[in-house]
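> Here you go, one structure.
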Amino acid sequence: MRVVTVIGNRPQFVKAAAVSVHLREEHDELLVHTGQHYDDELSGIFVRELDIPRPEVELGLGGGSNAAQTSAMLGALATVLEYHRPEAVLVYGDTNSTLAGGLAAAQSALPVAHVEAGMRSFDWSMPEELNRVLTDHLSSLLLCSSERAAEQLGQEAVRGHVEVVGDVMVDVALTVQPRARRRTEVLDRYQLASDRFLLATAHRPGNVDDPERLAMLVDVLTSAPDPLLLSLHPRTRDRLERQGLLARLSEAGSVTVTPPLGYLDFTTLLCHARAVLTDSGGVQKEAYLAGVRCLTLRDRTEWVETVATGWNTLIDLDRDALLDALERPAPAERPPLYGAGDAAARVVAALDRLAVGR
Ligand code: UDP
């Protein structure tokens with residue numbers, strides 16, 4: 001079967017790293033990179049570090065508003081699909097690249113397979129929520145990370161076939177985390193002691209685009225009781241510079257600001273951190289898998305299972321909630337969530353069945 005896979009941003013490189021290698025064992029894959037993330041530190045480094053096949057098509061369509069970006073991608077992807085005529089289009093997660101890939105395929109009457117289907121934050125102010133819901137309703141094959149996601153799709157009466165395969169990010173994390181646990185170079189580089197520092201990432205529009213929320217974010221990060229390393233996303237750097245807040249971070253003696261890190265260095269820091277502060281979806285899952293407490297800088301999450309097990313606390317941008325959460329001991333139990341690390345193989349098996357059923 002010929003499959004076009006559409007990727008475009010950092011977490012999608014991680015997801016493709018899990019699936020592409022399996023997919024290419026039996027099928028023809030054409031990897032299309034929309035260019036949604038184009039900086040080397042959010043894009044190229046992942047292709048090199050995670051052995052992702054070099055994308056055959058690079059559209060270079062980063063930047064612009066959500067609407068401008070999605071519509072530019074939609075037109076360009078329709079042309080790619082018209083030319084290559086795949087038998088299925090594979091999309092991941094909840095970005096503009098996901099929605100544009102799904103819609104371009106559906107408009108060309110091609111089956112869409114959506115990996116990470118059925119996730120919901122029920123927060124309609126998040127661009128990701130729109131992308132998820134719309135892509136699910138366009139898809140022929142909805143591949144879920146959890147039973148709960150599949151139940152959600154049942155309630156929404158989606159048109160396509162729903163299957164729980166586990167989470168493909170888990171496959172990558174379970175392979176890389178044992179190696180990361182044995183590494184320490186990146187800790188030495190930033191003079192951090194294992195288990196005595198906090199790792200932070202933040203880039204959701206809801207936290208960084210509104211100046212008031214951004215100032216609250218800076219307050220939370222600078223009031224943490226341990227040394228804190230912030231991997232600074234370019235979007236967040238831009239907003240902090242515009243508001244004159246970057247200096248407040250660097251001047252706080254407890255905060256070290258770094259550019260976005262490669263996956264191996266980031267995973268090493270994650271595995272050695274006392275806790276992680278993040279508004280990222282992927283990092284919430286990865287912290288759970290690593291047995292590291294997660295303090296989520298949002299008031300809700302689509303990864304609800306990590307909260308229900310007590311490993312993830314929704315502190316939003318509340319300093320007191322941060323301190324309270326850090327005081328509490330980590331839970332004793334950490335049941336497996338989101339599969340056993342074989343999700344990529346199950347995605348390919350589901351695509352095989354889609355091919356047979358055609
Ligand atoms: N990540 C990374 N380096 C960093 C920060 C994050 O490699 O400096 C990885 C992280 O391990 C996870 C992914 O990037 O696999 C998450 O990406 P992001 O937060 O951009 O996306 P989200 O998960 O929120 O969609």
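Residues in the structure tokens are named by chain (A, B, ... in the order shown) and by number from 1 within that chain; ligands are numbered from 1 in the order shown.
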Assign secondary structure with DSSP using the backbone only, and return the residues of range 62-265 of chain A in alpha helix (DSSP H) as JSON, numbers by chain.
{"A": [66, 67, 68, 69, 70, 71, 72, 73, 74, 75, 76, 77, 78, 79, 80, 81, 82, 83, 84, 96, 97, 98, 99, 100, 101, 102, 103, 104, 105, 106, 107, 127, 128, 129, 130, 131, 132, 133, 134, 135, 136, 137, 138, 147, 148, 149, 150, 151, 152, 153, 154, 155, 168, 169, 170, 171, 172, 173, 174, 175, 176, 177, 178, 179, 180, 181, 182, 185, 186, 187, 188, 189, 205, 206, 207, 208, 211, 212, 213, 214, 215, 216, 217, 218, 219, 220, 221, 222, 234, 235, 236, 237, 238, 239, 240, 241, 242, 246, 247, 248, 249, 250, 251, 263, 264, 265]}
> Limited to C-alpha atoms, could you put the picked residues into a file as an mmCIF file, in the first residue's frame?

```cif
data_model
loop_
_atom_site.group_PDB
_atom_site.id
_atom_site.type_symbol
_atom_site.label_atom_id
_atom_site.label_comp_id
_atom_site.auth_asym_id
_atom_site.auth_seq_id
_atom_site.Cartn_x
_atom_site.Cartn_y
_atom_site.Cartn_z
ATOM 1 C CA ASN A 66 -3.622 29.343 12.197
ATOM 2 C CA ALA A 67 -6.059 30.072 9.368
ATOM 3 C CA ALA A 68 -3.371 31.222 6.913
ATOM 4 C CA GLN A 69 -1.120 28.306 7.765
ATOM 5 C CA THR A 70 -3.853 25.677 7.559
ATOM 6 C CA SER A 71 -5.190 26.964 4.246
ATOM 7 C CA ALA A 72 -1.714 27.170 2.678
ATOM 8 C CA MET A 73 -1.056 23.581 3.780
ATOM 9 C CA LEU A 74 -4.418 22.419 2.520
ATOM 10 C CA GLY A 75 -3.736 23.673 -1.016
ATOM 11 C CA ALA A 76 -0.183 22.337 -1.115
ATOM 12 C CA LEU A 77 -1.163 18.935 0.299
ATOM 13 C CA ALA A 78 -4.017 18.560 -2.186
ATOM 14 C CA THR A 79 -1.441 18.938 -4.979
ATOM 15 C CA VAL A 80 0.882 16.359 -3.371
ATOM 16 C CA LEU A 81 -1.992 13.878 -2.998
ATOM 17 C CA GLU A 82 -3.181 14.473 -6.538
ATOM 18 C CA TYR A 83 0.299 13.728 -7.850
ATOM 19 C CA HIS A 84 1.131 10.676 -5.704
ATOM 20 C CA ASN A 96 -2.613 22.464 11.831
ATOM 21 C CA SER A 97 -0.656 19.890 9.794
ATOM 22 C CA THR A 98 -2.973 17.161 11.152
ATOM 23 C CA LEU A 99 -6.138 18.984 10.144
ATOM 24 C CA ALA A 100 -4.786 20.104 6.762
ATOM 25 C CA GLY A 101 -3.579 16.555 5.977
ATOM 26 C CA GLY A 102 -6.895 15.049 7.030
ATOM 27 C CA LEU A 103 -9.041 17.524 5.150
ATOM 28 C CA ALA A 104 -6.930 17.431 1.967
ATOM 29 C CA ALA A 105 -7.193 13.623 1.980
ATOM 30 C CA ALA A 106 -10.935 13.569 2.683
ATOM 31 C CA GLN A 107 -11.564 16.110 -0.076
ATOM 32 C CA PRO A 127 -6.542 25.466 18.513
ATOM 33 C CA GLU A 128 -5.519 21.849 19.129
ATOM 34 C CA GLU A 129 -9.046 20.923 20.307
ATOM 35 C CA LEU A 130 -10.537 22.134 17.014
ATOM 36 C CA ASN A 131 -7.923 20.216 15.049
ATOM 37 C CA ARG A 132 -8.514 16.987 17.000
ATOM 38 C CA VAL A 133 -12.274 16.978 16.794
ATOM 39 C CA LEU A 134 -12.455 17.915 13.124
ATOM 40 C CA THR A 135 -9.789 15.397 12.119
ATOM 41 C CA ASP A 136 -11.573 12.607 13.999
ATOM 42 C CA HIS A 137 -14.774 13.278 12.097
ATOM 43 C CA LEU A 138 -12.905 13.166 8.768
ATOM 44 C CA GLU A 147 -9.931 2.992 26.000
ATOM 45 C CA ARG A 148 -11.258 6.297 27.245
ATOM 46 C CA ALA A 149 -10.451 7.973 23.922
ATOM 47 C CA ALA A 150 -12.279 5.185 22.088
ATOM 48 C CA GLU A 151 -15.329 5.629 24.353
ATOM 49 C CA GLN A 152 -15.317 9.346 23.616
ATOM 50 C CA LEU A 153 -15.397 8.638 19.889
ATOM 51 C CA GLY A 154 -18.301 6.241 20.462
ATOM 52 C CA GLN A 155 -20.221 9.038 22.191
ATOM 53 C CA VAL A 168 3.176 5.613 19.732
ATOM 54 C CA MET A 169 5.091 8.145 21.861
ATOM 55 C CA VAL A 170 5.251 5.458 24.531
ATOM 56 C CA ASP A 171 7.158 3.217 22.089
ATOM 57 C CA VAL A 172 9.832 5.878 21.648
ATOM 58 C CA ALA A 173 9.958 6.862 25.321
ATOM 59 C CA LEU A 174 10.327 3.245 26.479
ATOM 60 C CA THR A 175 13.253 2.783 24.095
ATOM 61 C CA VAL A 176 15.026 6.039 24.884
ATOM 62 C CA GLN A 177 14.370 6.458 28.644
ATOM 63 C CA PRO A 178 16.596 3.567 29.853
ATOM 64 C CA ARG A 179 19.495 5.049 27.848
ATOM 65 C CA ALA A 180 18.683 8.542 29.116
ATOM 66 C CA ARG A 181 18.673 7.363 32.725
ATOM 67 C CA ARG A 182 22.308 6.240 32.375
ATOM 68 C CA GLU A 185 26.485 14.865 30.517
ATOM 69 C CA VAL A 186 23.590 17.269 30.095
ATOM 70 C CA LEU A 187 23.171 17.518 33.895
ATOM 71 C CA ASP A 188 26.854 18.395 34.224
ATOM 72 C CA ARG A 189 26.539 20.956 31.421
ATOM 73 C CA PRO A 205 -0.955 30.063 23.136
ATOM 74 C CA GLY A 206 -3.261 30.202 26.177
ATOM 75 C CA ASN A 207 -0.213 30.657 28.429
ATOM 76 C CA VAL A 208 2.134 32.764 26.343
ATOM 77 C CA PRO A 211 0.555 39.215 28.509
ATOM 78 C CA GLU A 212 -1.203 38.776 31.851
ATOM 79 C CA ARG A 213 -0.940 34.978 31.724
ATOM 80 C CA LEU A 214 2.651 35.255 30.523
ATOM 81 C CA ALA A 215 3.560 37.376 33.570
ATOM 82 C CA MET A 216 1.874 34.753 35.806
ATOM 83 C CA LEU A 217 3.917 32.057 34.072
ATOM 84 C CA VAL A 218 7.113 33.966 34.855
ATOM 85 C CA ASP A 219 5.982 34.296 38.497
ATOM 86 C CA VAL A 220 5.401 30.570 38.792
ATOM 87 C CA LEU A 221 8.714 29.652 37.212
ATOM 88 C CA THR A 222 10.706 32.095 39.337
ATOM 89 C CA PRO A 234 10.811 30.039 20.137
ATOM 90 C CA ARG A 235 7.169 31.168 20.446
ATOM 91 C CA THR A 236 7.611 31.733 24.186
ATOM 92 C CA ARG A 237 10.968 33.463 23.708
ATOM 93 C CA ASP A 238 9.354 35.836 21.230
ATOM 94 C CA ARG A 239 6.449 36.673 23.601
ATOM 95 C CA LEU A 240 8.794 37.135 26.599
ATOM 96 C CA GLU A 241 11.023 39.467 24.601
ATOM 97 C CA ARG A 242 8.057 41.517 23.410
ATOM 98 C CA LEU A 246 12.930 37.524 29.472
ATOM 99 C CA ALA A 247 15.342 39.438 31.713
ATOM 100 C CA ARG A 248 13.188 38.682 34.774
ATOM 101 C CA LEU A 249 13.681 34.996 34.109
ATOM 102 C CA SER A 250 17.398 35.155 33.516
ATOM 103 C CA GLU A 251 17.902 37.456 36.508
ATOM 104 C CA TYR A 263 15.160 14.549 22.360
ATOM 105 C CA LEU A 264 17.939 12.598 24.054
ATOM 106 C CA ASP A 265 19.140 15.515 26.185
#
```
> Within 7 Å of ligand 1, counting only C-alpha atoms and all ligand atoms: which residues, as a list in words?
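Every residue with an atom at most 7 Å from ligand 1 is listed here: Arg10, Pro11, Val14, Thr201, Ser231, Pro260, Leu261, Gly262, Tyr263, Leu264, Phe266, Thr267, Asp279, Ser280, Gly281, Gly282, Val283 and Glu286 of chain A.
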> Quick one: residues within 10 Å of Leu192 in chain A, only C-alpha atoms, excluding same-chain residues fewer than 4 positions away - as a ChimeraX atom specification?
/A:184,186-188,196-198,227-229,269,272-273
> Take the residues from that selection and write them out as a short mmCIF file (atom, residue, chain, number, x, y, z; two decimals), in the first residue's frame, keeping all heavy atoms.

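Final output, saved to part30.cif:
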```cif
data_model
loop_
_atom_site.label_atom_id
_atom_site.label_comp_id
_atom_site.auth_asym_id
_atom_site.auth_seq_id
_atom_site.Cartn_x
_atom_site.Cartn_y
_atom_site.Cartn_z
N THR A 184 24.50 11.44 31.97
CA THR A 184 24.52 12.58 32.91
C THR A 184 25.15 13.83 32.31
O THR A 184 25.11 14.89 32.94
CB THR A 184 25.33 12.24 34.19
OG1 THR A 184 26.59 11.76 33.77
CG2 THR A 184 24.64 11.22 35.07
N VAL A 186 24.38 16.04 30.18
CA VAL A 186 23.59 17.27 30.09
C VAL A 186 23.34 17.87 31.50
O VAL A 186 23.24 19.08 31.66
CB VAL A 186 22.29 17.04 29.28
CG1 VAL A 186 21.38 16.05 29.95
CG2 VAL A 186 21.56 18.34 29.03
N LEU A 187 23.31 17.01 32.52
CA LEU A 187 23.17 17.52 33.89
C LEU A 187 24.43 18.29 34.28
O LEU A 187 24.36 19.38 34.86
CB LEU A 187 22.98 16.36 34.89
CG LEU A 187 21.73 15.52 34.71
CD1 LEU A 187 21.79 14.27 35.55
CD2 LEU A 187 20.53 16.33 35.13
N ASP A 188 25.58 17.72 33.91
CA ASP A 188 26.85 18.39 34.22
C ASP A 188 26.92 19.74 33.50
O ASP A 188 27.33 20.74 34.07
CB ASP A 188 28.06 17.53 33.80
CG ASP A 188 28.04 16.18 34.51
OD1 ASP A 188 27.37 16.09 35.56
OD2 ASP A 188 28.67 15.22 34.02
N ARG A 196 17.25 16.94 42.08
CA ARG A 196 17.26 18.19 42.87
C ARG A 196 16.95 19.40 41.99
O ARG A 196 17.35 20.50 42.32
CB ARG A 196 18.64 18.41 43.49
CG ARG A 196 19.10 17.28 44.35
CD ARG A 196 19.32 17.79 45.78
NE ARG A 196 19.74 16.69 46.62
CZ ARG A 196 20.99 16.48 46.94
NH1 ARG A 196 21.92 17.28 46.52
NH2 ARG A 196 21.29 15.46 47.71
N PHE A 197 16.33 19.16 40.85
CA PHE A 197 16.01 20.30 39.99
C PHE A 197 14.66 20.05 39.33
O PHE A 197 14.14 18.92 39.31
CB PHE A 197 17.09 20.52 38.92
CG PHE A 197 17.11 19.45 37.86
CD1 PHE A 197 16.45 19.63 36.65
CD2 PHE A 197 17.78 18.25 38.08
CE1 PHE A 197 16.45 18.64 35.68
CE2 PHE A 197 17.79 17.25 37.11
CZ PHE A 197 17.11 17.45 35.91
N LEU A 198 14.09 21.12 38.80
CA LEU A 198 12.82 21.04 38.08
C LEU A 198 13.07 21.33 36.61
O LEU A 198 13.90 22.19 36.28
CB LEU A 198 11.83 22.05 38.65
CG LEU A 198 11.56 21.92 40.15
CD1 LEU A 198 10.77 23.12 40.65
CD2 LEU A 198 10.81 20.63 40.46
N PRO A 227 16.33 24.68 41.83
CA PRO A 227 16.84 25.17 40.55
C PRO A 227 15.93 24.67 39.44
O PRO A 227 15.47 23.52 39.49
CB PRO A 227 18.22 24.53 40.43
CG PRO A 227 18.59 24.13 41.80
CD PRO A 227 17.33 23.90 42.57
N LEU A 228 15.67 25.52 38.45
CA LEU A 228 14.72 25.15 37.40
C LEU A 228 15.37 25.40 36.04
O LEU A 228 15.95 26.46 35.81
CB LEU A 228 13.46 26.00 37.56
CG LEU A 228 12.34 25.78 36.54
CD1 LEU A 228 10.98 25.89 37.23
CD2 LEU A 228 12.40 26.79 35.40
N LEU A 229 15.28 24.40 35.17
CA LEU A 229 15.79 24.56 33.81
C LEU A 229 14.61 24.69 32.86
O LEU A 229 13.74 23.81 32.83
CB LEU A 229 16.68 23.38 33.42
CG LEU A 229 17.35 23.58 32.06
CD1 LEU A 229 18.83 23.24 32.12
CD2 LEU A 229 16.68 22.75 30.99
N LEU A 269 17.17 14.86 30.99
CA LEU A 269 16.79 15.80 32.06
C LEU A 269 15.47 15.38 32.70
O LEU A 269 15.31 15.41 33.92
CB LEU A 269 16.69 17.21 31.48
CG LEU A 269 18.04 17.83 31.11
CD1 LEU A 269 17.86 19.04 30.20
CD2 LEU A 269 18.81 18.24 32.37
N HIS A 272 15.80 12.59 35.18
CA HIS A 272 16.56 12.91 36.40
C HIS A 272 15.92 14.04 37.22
O HIS A 272 16.44 14.41 38.26
CB HIS A 272 17.99 13.31 36.03
CG HIS A 272 18.83 12.15 35.59
ND1 HIS A 272 19.54 11.36 36.46
CD2 HIS A 272 19.04 11.63 34.37
CE1 HIS A 272 20.18 10.41 35.78
NE2 HIS A 272 19.90 10.55 34.51
N ALA A 273 14.81 14.60 36.72
CA ALA A 273 14.24 15.77 37.39
C ALA A 273 13.45 15.37 38.65
O ALA A 273 12.91 14.26 38.73
CB ALA A 273 13.32 16.52 36.43
#
```
> Need to verify the contact set: Ala325 in chain A, 8 Å, only C-alpha atoms, exclusion of same-chain residues closer than 4 positions in sequence. Can you return it as a list in words?
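Counting only the stated atoms, we get Leu295, Thr313, Ile315 and Ala321 of chain A.
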> What does the structure give for the distance between CA of Gly310 in chain A and CA of Pro335 in chain A, in Å to one decimal?
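These two atoms are separated by 11.0 Å.
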> Using only C-alpha atoms, which residues sit within 12 Å of Ala308 in chain A once same-chain residues fewer than 2 positions away are excluded, as number ranges by chain?
A: 288, 301-306, 310-314, 331, 333-335, 337
> For all heavy atoms, I'd like the residues from the last selection saved as a CSV table (one decimal), in the first residue's frame.

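Output contents, as saved in part_18.csv:
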```
chain,number,residue,atom,x,y,z
A,288,TYR,N,5.1,10.7,33.1
A,288,TYR,CA,4.4,9.5,33.8
A,288,TYR,C,5.2,8.2,33.5
A,288,TYR,O,5.5,7.5,34.5
A,288,TYR,CB,3.0,9.3,33.2
A,288,TYR,CG,2.2,8.2,33.9
A,288,TYR,CD1,1.6,8.4,35.1
A,288,TYR,CD2,2.2,6.9,33.3
A,288,TYR,CE1,1.0,7.4,35.7
A,288,TYR,CE2,1.6,5.9,33.9
A,288,TYR,CZ,1.0,6.1,35.2
A,288,TYR,OH,0.3,5.1,35.8
A,301,THR,N,-6.6,18.9,31.1
A,301,THR,CA,-5.7,18.2,30.2
A,301,THR,C,-6.5,17.1,29.5
A,301,THR,O,-7.5,16.6,30.0
A,301,THR,CB,-4.6,17.5,31.0
A,301,THR,OG1,-3.8,16.8,30.1
A,301,THR,CG2,-5.1,16.5,32.1
A,302,GLU,N,-6.0,16.7,28.3
A,302,GLU,CA,-6.6,15.6,27.6
A,302,GLU,C,-6.0,14.2,28.1
A,302,GLU,O,-6.6,13.2,27.9
A,302,GLU,CB,-6.5,15.7,26.1
A,302,GLU,CG,-5.2,16.0,25.5
A,302,GLU,CD,-4.6,17.4,25.8
A,302,GLU,OE1,-5.3,18.2,26.4
A,302,GLU,OE2,-3.5,17.7,25.3
A,303,TRP,N,-4.9,14.3,28.9
A,303,TRP,CA,-4.2,13.1,29.4
A,303,TRP,C,-4.7,12.8,30.8
A,303,TRP,O,-3.9,12.8,31.8
A,303,TRP,CB,-2.7,13.2,29.2
A,303,TRP,CG,-2.4,13.5,27.8
A,303,TRP,CD1,-2.1,14.7,27.2
A,303,TRP,CD2,-2.4,12.5,26.8
A,303,TRP,NE1,-1.9,14.5,25.9
A,303,TRP,CE2,-2.1,13.2,25.6
A,303,TRP,CE3,-2.6,11.2,26.7
A,303,TRP,CZ2,-2.0,12.6,24.3
A,303,TRP,CZ3,-2.6,10.5,25.5
A,303,TRP,CH2,-2.3,11.2,24.3
A,304,VAL,N,-6.0,12.7,30.9
A,304,VAL,CA,-6.7,12.6,32.3
A,304,VAL,C,-6.2,11.5,33.1
A,304,VAL,O,-6.2,11.5,34.3
A,304,VAL,CB,-8.2,12.6,32.1
A,304,VAL,CG1,-8.8,13.9,31.7
A,304,VAL,CG2,-8.6,11.5,31.1
A,305,GLU,N,-5.8,10.4,32.5
A,305,GLU,CA,-5.4,9.2,33.2
A,305,GLU,C,-4.2,9.5,34.1
A,305,GLU,O,-4.0,9.0,35.2
A,305,GLU,CB,-5.0,8.0,32.3
A,305,GLU,CG,-6.2,7.5,31.5
A,305,GLU,CD,-6.4,8.3,30.2
A,305,GLU,OE1,-5.8,9.3,30.0
A,305,GLU,OE2,-7.3,7.9,29.4
A,306,THR,N,-3.3,10.4,33.6
A,306,THR,CA,-2.1,10.7,34.4
A,306,THR,C,-2.5,11.5,35.7
A,306,THR,O,-1.8,11.4,36.7
A,306,THR,CB,-1.1,11.6,33.6
A,306,THR,OG1,-1.7,12.8,33.1
A,306,THR,CG2,-0.6,10.8,32.3
A,310,GLY,N,-2.6,10.2,40.1
A,310,GLY,CA,-2.0,11.1,41.1
A,310,GLY,C,-0.6,11.5,40.7
A,310,GLY,O,0.1,12.2,41.4
A,311,TRP,N,-0.1,11.2,39.5
A,311,TRP,CA,1.2,11.6,39.0
A,311,TRP,C,1.3,12.9,38.4
A,311,TRP,O,2.3,13.5,38.2
A,311,TRP,CB,1.8,10.5,38.1
A,311,TRP,CG,2.2,9.3,38.8
A,311,TRP,CD1,1.5,8.2,39.1
A,311,TRP,CD2,3.5,9.1,39.3
A,311,TRP,NE1,2.2,7.3,39.8
A,311,TRP,CE2,3.5,7.8,40.0
A,311,TRP,CE3,4.7,9.8,39.4
A,311,TRP,CZ2,4.6,7.3,40.6
A,311,TRP,CZ3,5.8,9.2,40.0
A,311,TRP,CH2,5.8,8.0,40.6
A,312,ASN,N,0.1,13.4,38.0
A,312,ASN,CA,0.0,14.7,37.3
A,312,ASN,C,-0.9,15.6,38.1
A,312,ASN,O,-2.0,15.2,38.4
A,312,ASN,CB,-0.5,14.5,35.9
A,312,ASN,CG,-0.4,15.7,35.0
A,312,ASN,OD1,0.0,16.8,35.4
A,312,ASN,ND2,-0.9,15.6,33.8
A,313,THR,N,-0.5,16.8,38.4
A,313,THR,CA,-1.4,17.8,39.1
A,313,THR,C,-1.6,19.0,38.2
A,313,THR,O,-0.6,19.6,37.7
A,313,THR,CB,-0.7,18.2,40.4
A,313,THR,OG1,-0.3,17.1,41.1
A,313,THR,CG2,-1.7,19.0,41.3
A,314,LEU,N,-2.8,19.4,38.0
A,314,LEU,CA,-3.1,20.6,37.2
A,314,LEU,C,-3.0,21.8,38.1
A,314,LEU,O,-3.9,22.2,38.8
A,314,LEU,CB,-4.5,20.5,36.7
A,314,LEU,CG,-4.8,19.3,35.8
A,314,LEU,CD1,-6.3,19.2,35.4
A,314,LEU,CD2,-4.0,19.2,34.6
A,331,PRO,N,2.8,9.2,44.2
A,331,PRO,CA,2.0,8.0,44.5
A,331,PRO,C,2.8,6.7,44.5
A,331,PRO,O,3.9,6.6,43.8
A,331,PRO,CB,1.0,8.0,43.4
A,331,PRO,CG,1.1,9.3,42.7
A,331,PRO,CD,2.5,9.9,43.0
A,333,GLU,N,1.7,3.7,43.3
A,333,GLU,CA,1.4,2.9,42.2
A,333,GLU,C,1.6,3.7,40.9
A,333,GLU,O,1.3,4.9,40.8
A,333,GLU,CB,0.0,2.5,42.2
A,333,GLU,CG,-0.5,1.8,43.5
A,333,GLU,CD,-0.2,0.3,43.5
A,333,GLU,OE1,-0.5,-0.3,42.4
A,333,GLU,OE2,0.4,-0.2,44.5
A,334,ARG,N,2.1,3.0,39.9
A,334,ARG,CA,2.1,3.6,38.5
A,334,ARG,C,1.7,2.6,37.5
A,334,ARG,O,2.5,2.0,36.8
A,334,ARG,CB,3.5,4.1,38.3
A,334,ARG,CG,3.6,5.1,37.1
A,334,ARG,CD,4.8,6.0,37.1
A,334,ARG,NE,6.0,5.2,37.4
A,334,ARG,CZ,6.8,4.6,36.5
A,334,ARG,NH1,6.5,4.7,35.2
A,334,ARG,NH2,7.9,4.0,36.8
A,335,PRO,N,0.4,2.3,37.4
A,335,PRO,CA,-0.1,1.3,36.4
A,335,PRO,C,0.2,1.7,35.0
A,335,PRO,O,0.3,2.9,34.7
A,335,PRO,CB,-1.6,1.3,36.7
A,335,PRO,CG,-1.9,2.6,37.3
A,335,PRO,CD,-0.7,3.0,38.0
A,337,LEU,N,-0.2,2.8,31.4
A,337,LEU,CA,-1.2,3.6,30.7
A,337,LEU,C,-0.8,3.6,29.2
A,337,LEU,O,0.4,3.7,29.0
A,337,LEU,CB,-1.4,5.0,31.2
A,337,LEU,CG,-1.7,5.2,32.6
A,337,LEU,CD1,-1.7,6.7,32.9
A,337,LEU,CD2,-3.1,4.7,32.9
```
